[in-house]
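Have a look at query.txt below; it lists compact mmCIF, C-alpha atoms.
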# COMPACT_ATOMS: atom_id res chain seq x y z
CA MET A 17 6.11 2.27 28.95
CA SER A 18 6.29 3.92 25.52
CA ASN A 19 3.64 3.84 22.84
CA LEU A 20 4.17 2.59 19.30
CA ASN A 21 2.09 3.22 16.19
CA LYS A 22 3.75 1.50 13.23
CA ALA A 23 2.37 -0.38 10.26
CA LEU A 24 4.42 -2.53 7.88
CA LEU A 25 2.61 -3.90 4.83
CA ILE A 26 3.57 -5.68 1.62
CA GLY A 27 0.84 -5.83 -0.96
CA ARG A 28 -0.37 -4.93 -4.43
CA LEU A 29 -2.01 -1.68 -5.46
CA THR A 30 -5.73 -2.18 -6.10
CA LYS A 31 -5.89 0.72 -8.58
CA ASP A 32 -3.67 3.48 -9.91
CA PRO A 33 -2.66 6.02 -7.24
CA GLU A 34 -4.54 9.33 -7.18
CA MET A 35 -2.51 12.49 -6.62
CA ARG A 36 -4.13 15.80 -5.67
CA TYR A 37 -2.97 19.05 -4.14
CA THR A 38 -4.08 20.77 -0.94
CA PRO A 39 -5.15 24.44 -1.15
CA SER A 40 -1.62 25.36 0.03
CA GLY A 41 -0.09 23.38 -2.89
CA THR A 42 1.12 20.29 -1.01
CA ALA A 43 0.98 17.08 -3.05
CA VAL A 44 -1.03 14.21 -1.51
CA THR A 45 -1.22 10.75 -3.08
CA SER A 46 -3.85 8.22 -2.03
CA PHE A 47 -3.77 4.56 -2.96
CA SER A 48 -4.98 1.24 -1.66
CA ILE A 49 -3.16 -2.07 -1.35
CA ALA A 50 -4.41 -5.62 -0.89
CA THR A 51 -2.69 -8.10 1.43
CA ASN A 52 -3.35 -11.81 1.97
CA ARG A 53 -3.66 -13.83 5.16
CA TRP A 54 -4.58 -17.41 5.97
CA SER A 55 -6.87 -18.65 8.72
CA THR A 56 -8.31 -21.98 9.79
CA GLY A 57 -12.08 -22.07 10.22
CA PRO A 58 -14.09 -24.07 12.74
CA ASP A 59 -14.25 -26.94 10.25
CA GLY A 60 -10.43 -27.12 10.20
CA GLU A 61 -10.19 -25.96 6.58
CA ARG A 62 -7.54 -23.33 5.78
CA LYS A 63 -8.92 -20.33 3.92
CA GLU A 64 -7.24 -17.37 2.31
CA PHE A 65 -8.54 -13.87 3.07
CA THR A 66 -7.65 -10.55 1.46
CA ASP A 67 -7.51 -7.31 3.44
CA TYR A 68 -7.56 -3.86 1.85
CA HIS A 69 -5.62 -0.91 3.28
CA ASN A 70 -5.97 2.79 2.42
CA ILE A 71 -2.60 4.53 2.19
CA VAL A 72 -1.84 8.27 2.06
CA ALA A 73 1.58 9.68 1.09
CA TYR A 74 2.73 13.26 1.68
CA PRO A 75 6.04 14.99 1.00
CA ILE A 76 8.42 14.20 3.87
CA GLY A 77 11.28 16.65 4.36
CA LYS A 78 13.06 17.07 1.04
CA ARG A 79 11.61 13.80 -0.32
CA ASN A 80 8.48 14.19 -2.37
CA LEU A 81 7.07 10.79 -1.50
CA ALA A 82 3.60 11.67 -2.82
CA GLU A 83 4.83 12.55 -6.32
CA THR A 84 7.26 9.61 -6.47
CA VAL A 85 4.54 7.09 -5.61
CA ALA A 86 2.13 8.63 -8.14
CA GLN A 87 4.77 8.63 -10.87
CA TYR A 88 6.26 5.16 -10.41
CA THR A 89 3.40 2.87 -9.35
CA ARG A 90 0.33 1.51 -11.06
CA LYS A 91 -2.44 -0.98 -10.29
CA GLY A 92 -0.95 -4.39 -9.51
CA ALA A 93 2.47 -3.08 -8.43
CA LEU A 94 3.98 -4.86 -5.42
CA VAL A 95 5.05 -2.38 -2.73
CA PHE A 96 6.33 -2.32 0.84
CA VAL A 97 4.70 0.45 2.91
CA GLU A 98 5.97 1.62 6.30
CA GLY A 99 3.91 4.16 8.17
CA ARG A 100 1.53 4.86 11.02
CA ILE A 101 -2.17 4.09 11.49
CA GLN A 102 -4.49 7.09 11.69
CA THR A 103 -8.27 7.33 12.07
CA ARG A 104 -10.07 10.50 10.98
CA SER A 105 -13.65 11.52 11.71
CA TRP A 106 -15.83 14.13 10.04
CA GLU A 107 -19.44 14.96 9.38
CA GLY A 108 -20.61 14.38 5.83
CA GLN A 109 -22.79 16.75 3.82
CA ASP A 110 -25.75 14.56 4.73
CA GLY A 111 -25.09 15.13 8.46
CA GLN A 112 -23.84 11.58 9.06
CA LYS A 113 -20.66 10.99 11.08
CA ARG A 114 -17.96 9.37 8.96
CA ARG A 115 -14.73 7.62 9.97
CA VAL A 116 -11.83 6.28 7.96
CA THR A 117 -8.73 4.43 9.09
CA GLU A 118 -5.68 4.79 6.86
CA ILE A 119 -1.94 4.32 6.85
CA ILE A 120 0.09 7.54 6.63
CA ALA A 121 3.19 6.41 4.71
CA ASN A 122 6.67 7.31 5.90
CA ASP A 123 8.32 5.11 3.29
CA VAL A 124 7.25 3.23 0.17
CA GLN A 125 9.56 0.74 -1.52
CA PHE A 126 8.85 -0.61 -4.98
CA LEU A 127 9.46 -4.37 -4.95
CA GLU A 128 9.33 -5.11 -8.66
CA PRO A 129 11.25 -3.77 -11.63
CA ARG A 130 9.51 -1.37 -13.96
CA GLY A 131 7.15 -3.05 -16.36
CA ALA A 132 6.12 -5.79 -13.92
CA GLY A 133 2.56 -6.04 -12.65
CA VAL A 134 -0.58 -4.85 -14.42
CA GLY A 135 0.51 -1.28 -15.23
CA ALA A 136 3.34 -0.41 -17.57
CA GLY A 137 5.09 1.62 -14.87
CA ALA A 138 4.70 -0.78 -11.98
CA GLY A 139 7.61 0.66 -10.08
CA ALA A 140 11.35 0.75 -9.68
CA SER A 141 13.31 -1.51 -7.39
CA ALA A 142 14.57 1.25 -5.18
CA SER A 143 13.52 2.75 -1.92
CA VAL A 144 12.24 6.28 -1.67
CA GLY A 145 12.89 6.26 2.07
CA ALA A 146 15.64 8.35 3.63
CA GLY A 147 18.79 6.44 4.52
CA ARG A 148 17.79 3.21 2.78
CA ALA A 149 19.95 1.55 0.20
CA SER A 150 18.55 0.76 -3.21
CA GLY A 151 18.22 -2.91 -3.88
CA ASN A 152 16.24 -5.60 -5.56
CA THR A 153 13.73 -7.63 -3.62
CA THR A 154 12.51 -10.81 -5.19
CA THR A 155 9.39 -12.79 -4.52
CA GLU A 156 8.97 -16.48 -5.18
CA GLU A 157 5.73 -17.98 -6.37
CA THR A 158 4.84 -21.22 -4.63
CA THR A 159 1.86 -23.46 -5.12
CA GLY A 160 1.71 -25.22 -1.73
CA ASP A 161 -1.53 -24.82 0.23
CA ASP A 162 0.35 -23.89 3.41
CA VAL A 163 2.16 -20.95 1.80
CA PRO A 164 0.31 -17.62 1.36
CA ARG A 165 0.10 -16.59 -2.27
CA ASP A 166 0.33 -13.10 -3.64
CA VAL A 167 -2.82 -11.18 -4.54
CA ASP A 168 -3.73 -11.64 -8.20
CA PRO A 169 -4.35 -8.11 -9.55
CA ASP A 170 -7.22 -9.45 -11.67
CA ASP A 171 -9.03 -10.56 -8.48
CA ILE A 172 -9.05 -7.04 -7.01
CA PRO A 173 -12.62 -5.75 -7.26
CA PHE A 174 -11.72 -2.06 -7.73
Turn the structure described in the file into structure tokens.
Amino acid sequence: MSNLNKALLIGRLTKDPEMRYTPSGTAVTSFSIATNRWSTGPDGERKEFTDYHNIVAYPIGKRNLAETVAQYTRKGALVFVEGRIQTRSWEGQDGQKRRVTEIIANDVQFLEPRGAGVGAGAGASASVGAGRASGNTTTEETTGDDVPRDVDPDDIPF
């Protein structure tokens, strides 16, 4: 049997992406997105929960995914992220073991036109993934209790 490590997420950026460079000059962009899920508690009441995911984008081949994400997204932008889950461990300066689990992005698609969301440059409705066609993706707002709602950028605590 084969192994599979793939993450597919649609969510809103919790803050503006942060781009930095490695000592060798490679661009790296880090950002976080919030996703919603619904669950029924022991009392039978449906509750909405928000999960936060750390995402890291690097240049991939000739695509500079890290710079594209940093340039075209802002807090509140709705994005689709495809990547793999990775956990890193290290020892902090205080001697404590640290661990972080993050998604290493292979593709980021901007799901709203520019100007939507909280930031002025909330994205373009095109894919930055190789071999994907550009296209618009629309989301519908619904008010029913059984339908998950989108994360309100103002509710993000970051």
**Request:** Rank A:Thr103, A:Pro75, A:Thr89, A:Glu61 by their smallest atom-to-atom distance to Pro129 (chain A), using all atoms listed in the file, and report the top residue only.
**Result:** A:Thr89
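In this structure, CA of Glu64 (chain A) sits 10.4 Å away from CA of Thr51 (chain A).
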**Request:** For region 38-48 of chain A, work out the shell of residues within 10 Å, counting only C-alpha atoms and skipping chain neighbours fewer than 5 positions away, then give it as a count of residues only.
**Result:** 30
Could you pull the residues within 8 Å of Asn122 (chain A), counting all atoms listed in the file, minus those fewer than 3 positions along the same chain, as a short mmCIF file (atom, residue, chain, number, x, y, z; two decimals) with C-alpha atoms, in the coordinates of the input?
data_model
loop_
_atom_site.label_atom_id
_atom_site.label_comp_id
_atom_site.auth_asym_id
_atom_site.auth_seq_id
_atom_site.Cartn_x
_atom_site.Cartn_y
_atom_site.Cartn_z
CA ALA A 73 1.58 9.68 1.09
CA ILE A 76 8.42 14.20 3.87
CA VAL A 97 4.70 0.45 2.91
CA GLU A 98 5.97 1.62 6.30
CA GLY A 99 3.91 4.16 8.17
CA ARG A 100 1.53 4.86 11.02
CA GLY A 145 12.89 6.26 2.07
#
**Prompt:** Between A:Ser105, A:Gln125, A:Gln112, A:Thr66, which one has atoms that come closest to Tyr88 (chain A), using all atoms listed in the file?
**Reply:** A:Gln125
Put the listed atoms of region 81-96 of chain A in a box along x, y and z with 3 Å added on every side and give me the centre and edge lengths in Å to one decimal, as AutoDock Vina command-line options.
--center_x 2.4 --center_y 3.8 --center_z -5.1 --size_x 15.7 --size_y 23.4 --size_z 17.9
**Message:** Applying 8 Å and all atoms listed in the file, which residues near Arg104 (chain A) remain after dropping the ones on its own chain fewer than 4 positions away? List them as number ranges by chain.
**Reply:** A: 115-117
**A:Pro58, A:Leu94, A:Gln87, A:Gly77 ranked by distance to Ile26 (chain A), top pick (using only C-alpha atoms)** = A:Leu94
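With CA of Trp106 (chain A) on one side and CA of Tyr37 (chain A) on the other, the separation reads 19.8 Å.
Restricting the calculation to all atoms listed in the file, the smallest distance between Arg53 (chain A) and any of A:Arg79, A:Met35, A:Leu25, A:Gly92 is found for A:Leu25.
Our summary of the geometry notes that CA of Arg36 (chain A) is positioned 20.1 Å from CA of Gly108 (chain A).
Across A:Ser55, A:Lys78, A:Ile101, A:Glu34, the tightest approach to Asn21 (chain A) is made by A:Ile101 when counting all atoms listed in the file.
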**Complete:** Using all atoms listed in the file, the shortest atom-to-atom distance to Phe96 (chain A) among A:Ala50, A:Arg62, A:Asn19, A:Phe126 belongs to A:Phe126
Completion of region 30-48 of chain A up to N, CA and C atoms, as a JSON list (two decimals), in the frame of the given file:
[["chain", "number", "residue", "atom", "x", "y", "z"],
["A", 30, "THR", "N", -4.43, -1.75, -5.57],
["A", 30, "THR", "CA", -5.73, -2.18, -6.10],
["A", 30, "THR", "C", -6.19, -1.33, -7.28],
["A", 31, "LYS", "N", -5.60, -0.16, -7.44],
["A", 31, "LYS", "CA", -5.89, 0.72, -8.58],
["A", 31, "LYS", "C", -4.74, 1.71, -8.69],
["A", 32, "ASP", "N", -4.71, 2.48, -9.76],
["A", 32, "ASP", "CA", -3.67, 3.48, -9.91],
["A", 32, "ASP", "C", -3.77, 4.51, -8.78],
["A", 33, "PRO", "N", -2.62, 5.01, -8.29],
["A", 33, "PRO", "CA", -2.66, 6.02, -7.24],
["A", 33, "PRO", "C", -3.29, 7.31, -7.75],
["A", 34, "GLU", "N", -3.91, 8.05, -6.83],
["A", 34, "GLU", "CA", -4.54, 9.33, -7.18],
["A", 34, "GLU", "C", -3.82, 10.45, -6.46],
["A", 35, "MET", "N", -3.22, 11.37, -7.23],
["A", 35, "MET", "CA", -2.51, 12.49, -6.62],
["A", 35, "MET", "C", -3.38, 13.74, -6.75],
["A", 36, "ARG", "N", -3.42, 14.52, -5.67],
["A", 36, "ARG", "CA", -4.13, 15.80, -5.67],
["A", 36, "ARG", "C", -3.29, 16.78, -4.88],
["A", 37, "TYR", "N", -3.70, 18.02, -4.85],
["A", 37, "TYR", "CA", -2.97, 19.05, -4.14],
["A", 37, "TYR", "C", -3.88, 19.72, -3.13],
["A", 38, "THR", "N", -3.33, 20.03, -1.95],
["A", 38, "THR", "CA", -4.08, 20.77, -0.94],
["A", 38, "THR", "C", -4.19, 22.23, -1.40],
["A", 39, "PRO", "N", -5.06, 23.02, -0.78],
["A", 39, "PRO", "CA", -5.15, 24.44, -1.15],
["A", 39, "PRO", "C", -3.81, 25.18, -1.02],
["A", 40, "SER", "N", -2.93, 24.71, -0.13],
["A", 40, "SER", "CA", -1.62, 25.36, 0.03],
["A", 40, "SER", "C", -0.59, 24.84, -0.98],
["A", 41, "GLY", "N", -0.98, 23.88, -1.84],
["A", 41, "GLY", "CA", -0.09, 23.38, -2.89],
["A", 41, "GLY", "C", 0.70, 22.14, -2.54],
["A", 42, "THR", "N", 0.42, 21.51, -1.41],
["A", 42, "THR", "CA", 1.12, 20.29, -1.01],
["A", 42, "THR", "C", 0.54, 19.08, -1.76],
["A", 43, "ALA", "N", 1.42, 18.28, -2.35],
["A", 43, "ALA", "CA", 0.98, 17.08, -3.05],
["A", 43, "ALA", "C", 0.56, 16.01, -2.04],
["A", 44, "VAL", "N", -0.54, 15.31, -2.33],
["A", 44, "VAL", "CA", -1.03, 14.21, -1.51],
["A", 44, "VAL", "C", -1.41, 13.09, -2.46],
["A", 45, "THR", "N", -0.88, 11.89, -2.24],
["A", 45, "THR", "CA", -1.22, 10.75, -3.08],
["A", 45, "THR", "C", -1.91, 9.70, -2.23],
["A", 46, "SER", "N", -3.07, 9.26, -2.70],
["A", 46, "SER", "CA", -3.85, 8.22, -2.03],
["A", 46, "SER", "C", -3.83, 6.97, -2.90],
["A", 47, "PHE", "N", -3.68, 5.82, -2.25],
["A", 47, "PHE", "CA", -3.77, 4.56, -2.96],
["A", 47, "PHE", "C", -4.19, 3.48, -1.97],
["A", 48, "SER", "N", -4.53, 2.35, -2.48],
["A", 48, "SER", "CA", -4.98, 1.24, -1.66],
["A", 48, "SER", "C", -4.18, 0.00, -2.06]]
